[in-house]
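Reviewing the structure listed below.
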Amino acid sequence: MRVLLLFTLVGLLATPAHASFRSNWQSCENARGAAAIKACTWLLKSGRLKGKQIPAIWFNRGWLHHDLKQYQQAIRDYSRTLKLDPRHGAALTNRAKAYLDVMRFEPAIADYTRALRINPKDATSFYYRGFANENLGRKAAAIRDYRAALKLTPSQKESRAGLKRLSPAR
């Protein structure tokens, strides 16, 4: 009986459907560009993903769109990730960066603020939130964020440059 079960399992894993799933999974995880996006889309439509796999694939597809400078598609996929996993810190920071890339500073600030509630030691989120605040003319908020970033990562050149831009000349 066990031998028959083993051969049945081996047979199922060797089916073309399993090979397609495995191939698309590898492409979605490791490839770049349109082919990788297509593989992620195939996986999402397959109905075979379970649990945390689903937001992981939405996140990965968002990252692939972001990499191709397809910011609106990236925002959409990161949003889908966050709907499924509201505490997905990387989806928050990546969506915030995509908002910055299309100069939507208010939603970027909101996402960086949420991300900092999850990880208050993320100097990069402080920097980018400061950058967004600076672009909205919120000098005091930008200075606070740049200082917070430098407190966590004293060598961060971008935050130091932001402070220099906003500080009065001596």
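Ordering of the structure tokens sets the chain letters (A, B, ...), residue numbers begin anew at 1 in every chain, and ligands are numbered from 1 in the order given.
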
Exercise for review: Within region 42-128 of chain A, find each residue whose DSSP state, derived from the backbone, is helix (DSSP H, G or I), and express the selection as number ranges by chain.
Suggested key: A: 42-46, 53-67, 71-84, 89-101, 105-118, 123-128

Point to revise | 9 Å contact set for region 94-109 of chain A, only C-alpha atoms, chain neighbours under 2 positions out, as number ranges by chain | key: A: 62-63, 66, 69-72, 74-79, 89-92, 111-114, 125, 128-133, 135-136

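Distance-wise, CA of Ala31 (chain A) and CA of Gln53 (chain A) end up 17.4 Å apart.
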
Point to revise | Distance criterion (only C-alpha atoms): nearest to Pro168 (chain A) out of A:Lys50, A:Arg80, A:Arg87, A:Lys139 | key: A:Lys139

Practice item. Just the residues within 8 Å of Ser159 (chain A), please, counting only C-alpha atoms, with nothing from its chain fewer than 4 positions along; format it as an MDAnalysis selection string. Key: chainID A and resid 127 146:147 149:150 163

Set the distance at 10 Å and use only C-alpha atoms: which residues neighbour region 33-39 of chain A once local chain neighbours fewer than 2 positions away are removed? I'd like the list as a PDB file with N, CA and C atoms, in the first residue's frame.
ATOM      1  N   SER A  20       4.448  23.065 -14.470  1.00  0.00           N
ATOM      2  CA  SER A  20       4.096  24.451 -14.785  1.00  0.00           C
ATOM      3  C   SER A  20       4.073  25.303 -13.529  1.00  0.00           C
ATOM      4  N   PHE A  21       3.498  24.754 -12.471  1.00  0.00           N
ATOM      5  CA  PHE A  21       3.442  25.492 -11.214  1.00  0.00           C
ATOM      6  C   PHE A  21       4.856  25.792 -10.727  1.00  0.00           C
ATOM      7  N   SER A  23       7.687  25.772 -12.408  1.00  0.00           N
ATOM      8  CA  SER A  23       8.383  26.652 -13.348  1.00  0.00           C
ATOM      9  C   SER A  23       7.944  28.109 -13.177  1.00  0.00           C
ATOM     10  N   ASN A  24       6.638  28.325 -13.042  1.00  0.00           N
ATOM     11  CA  ASN A  24       6.136  29.691 -12.850  1.00  0.00           C
ATOM     12  C   ASN A  24       6.560  30.240 -11.501  1.00  0.00           C
ATOM     13  N   TRP A  25       6.586  29.382 -10.486  1.00  0.00           N
ATOM     14  CA  TRP A  25       7.035  29.817  -9.167  1.00  0.00           C
ATOM     15  C   TRP A  25       8.490  30.299  -9.247  1.00  0.00           C
ATOM     16  N   GLN A  26       9.333  29.513  -9.882  1.00  0.00           N
ATOM     17  CA  GLN A  26      10.750  29.882 -10.003  1.00  0.00           C
ATOM     18  C   GLN A  26      10.909  31.170 -10.806  1.00  0.00           C
ATOM     19  N   SER A  27      10.147  31.312 -11.877  1.00  0.00           N
ATOM     20  CA  SER A  27      10.237  32.530 -12.680  1.00  0.00           C
ATOM     21  C   SER A  27       9.762  33.748 -11.903  1.00  0.00           C
ATOM     22  N   CYS A  28       8.654  33.595 -11.204  1.00  0.00           N
ATOM     23  CA  CYS A  28       8.117  34.706 -10.417  1.00  0.00           C
ATOM     24  C   CYS A  28       9.103  35.129  -9.334  1.00  0.00           C
ATOM     25  N   GLU A  29       9.760  34.183  -8.718  1.00  0.00           N
ATOM     26  CA  GLU A  29      10.683  34.466  -7.629  1.00  0.00           C
ATOM     27  C   GLU A  29      12.053  34.957  -8.102  1.00  0.00           C
ATOM     28  N   ASN A  30      12.524  34.456  -9.248  1.00  0.00           N
ATOM     29  CA  ASN A  30      13.923  34.686  -9.615  1.00  0.00           C
ATOM     30  C   ASN A  30      14.148  35.488 -10.886  1.00  0.00           C
ATOM     31  N   ALA A  31      13.178  35.520 -11.765  1.00  0.00           N
ATOM     32  CA  ALA A  31      13.385  36.203 -13.049  1.00  0.00           C
ATOM     33  C   ALA A  31      13.045  37.683 -12.906  1.00  0.00           C
ATOM     34  N   THR A  41       1.461  36.279 -12.387  1.00  0.00           N
ATOM     35  CA  THR A  41       0.037  36.352 -12.722  1.00  0.00           C
ATOM     36  C   THR A  41      -0.538  34.946 -12.888  1.00  0.00           C
ATOM     37  N   TRP A  42       0.204  34.072 -13.558  1.00  0.00           N
ATOM     38  CA  TRP A  42      -0.241  32.681 -13.726  1.00  0.00           C
ATOM     39  C   TRP A  42      -0.471  32.047 -12.362  1.00  0.00           C
ATOM     40  N   LEU A  43       0.475  32.237 -11.449  1.00  0.00           N
ATOM     41  CA  LEU A  43       0.341  31.662 -10.109  1.00  0.00           C
ATOM     42  C   LEU A  43      -0.891  32.202  -9.392  1.00  0.00           C
ATOM     43  N   LEU A  44      -1.111  33.518  -9.485  1.00  0.00           N
ATOM     44  CA  LEU A  44      -2.264  34.116  -8.812  1.00  0.00           C
ATOM     45  C   LEU A  44      -3.578  33.588  -9.371  1.00  0.00           C
ATOM     46  N   LYS A  45      -3.607  33.318 -10.657  1.00  0.00           N
ATOM     47  CA  LYS A  45      -4.821  32.801 -11.290  1.00  0.00           C
ATOM     48  C   LYS A  45      -4.974  31.292 -11.136  1.00  0.00           C
ATOM     49  N   ILE A  57       3.188  36.515  -3.422  1.00  0.00           N
ATOM     50  CA  ILE A  57       3.225  36.615  -4.885  1.00  0.00           C
ATOM     51  C   ILE A  57       2.732  37.993  -5.336  1.00  0.00           C
ATOM     52  N   TRP A  58       1.687  38.529  -4.678  1.00  0.00           N
ATOM     53  CA  TRP A  58       1.256  39.896  -5.010  1.00  0.00           C
ATOM     54  C   TRP A  58       2.401  40.878  -4.769  1.00  0.00           C
ATOM     55  N   ASN A  60       5.648  40.244  -4.740  1.00  0.00           N
ATOM     56  CA  ASN A  60       6.717  40.044  -5.718  1.00  0.00           C
ATOM     57  C   ASN A  60       6.345  40.651  -7.065  1.00  0.00           C
ATOM     58  N   ARG A  61       5.092  40.486  -7.476  1.00  0.00           N
ATOM     59  CA  ARG A  61       4.666  41.072  -8.742  1.00  0.00           C
ATOM     60  C   ARG A  61       4.718  42.598  -8.660  1.00  0.00           C
ATOM     61  N   GLY A  62       4.364  43.150  -7.505  1.00  0.00           N
ATOM     62  CA  GLY A  62       4.488  44.599  -7.316  1.00  0.00           C
ATOM     63  C   GLY A  62       5.922  45.055  -7.459  1.00  0.00           C
ATOM     64  N   TRP A  63       6.832  44.311  -6.859  1.00  0.00           N
ATOM     65  CA  TRP A  63       8.254  44.651  -6.960  1.00  0.00           C
ATOM     66  C   TRP A  63       8.726  44.599  -8.414  1.00  0.00           C
ATOM     67  N   LEU A  64       8.266  43.591  -9.138  1.00  0.00           N
ATOM     68  CA  LEU A  64       8.657  43.467 -10.555  1.00  0.00           C
ATOM     69  C   LEU A  64       8.141  44.646 -11.368  1.00  0.00           C
ATOM     70  N   HIS A  65       6.885  45.056 -11.123  1.00  0.00           N
ATOM     71  CA  HIS A  65       6.359  46.251 -11.802  1.00  0.00           C
ATOM     72  C   HIS A  65       7.178  47.481 -11.419  1.00  0.00           C
ATOM     73  N   ASP A  67      10.253  47.646 -10.468  1.00  0.00           N
ATOM     74  CA  ASP A  67      11.559  47.542 -11.125  1.00  0.00           C
ATOM     75  C   ASP A  67      11.495  48.022 -12.576  1.00  0.00           C
ATOM     76  N   LEU A  68      10.339  47.827 -13.213  1.00  0.00           N
ATOM     77  CA  LEU A  68      10.148  48.268 -14.605  1.00  0.00           C
ATOM     78  C   LEU A  68       9.595  49.692 -14.688  1.00  0.00           C
TER      79      LEU A  68
END

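Across the model, the gap from CA of Ile54 (chain A) to CA of Arg117 (chain A) is 23.8 Å.
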
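Residue nearest Ala148 (chain A) within the list A:Thr81, A:Asp122, A:Glu134, A:Ala161: A:Asp122 [criterion: smallest interatomic distance, only C-alpha atoms].
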
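CA of Leu84 (chain A) sits 6.0 Å away from CA of Pro55 (chain A).
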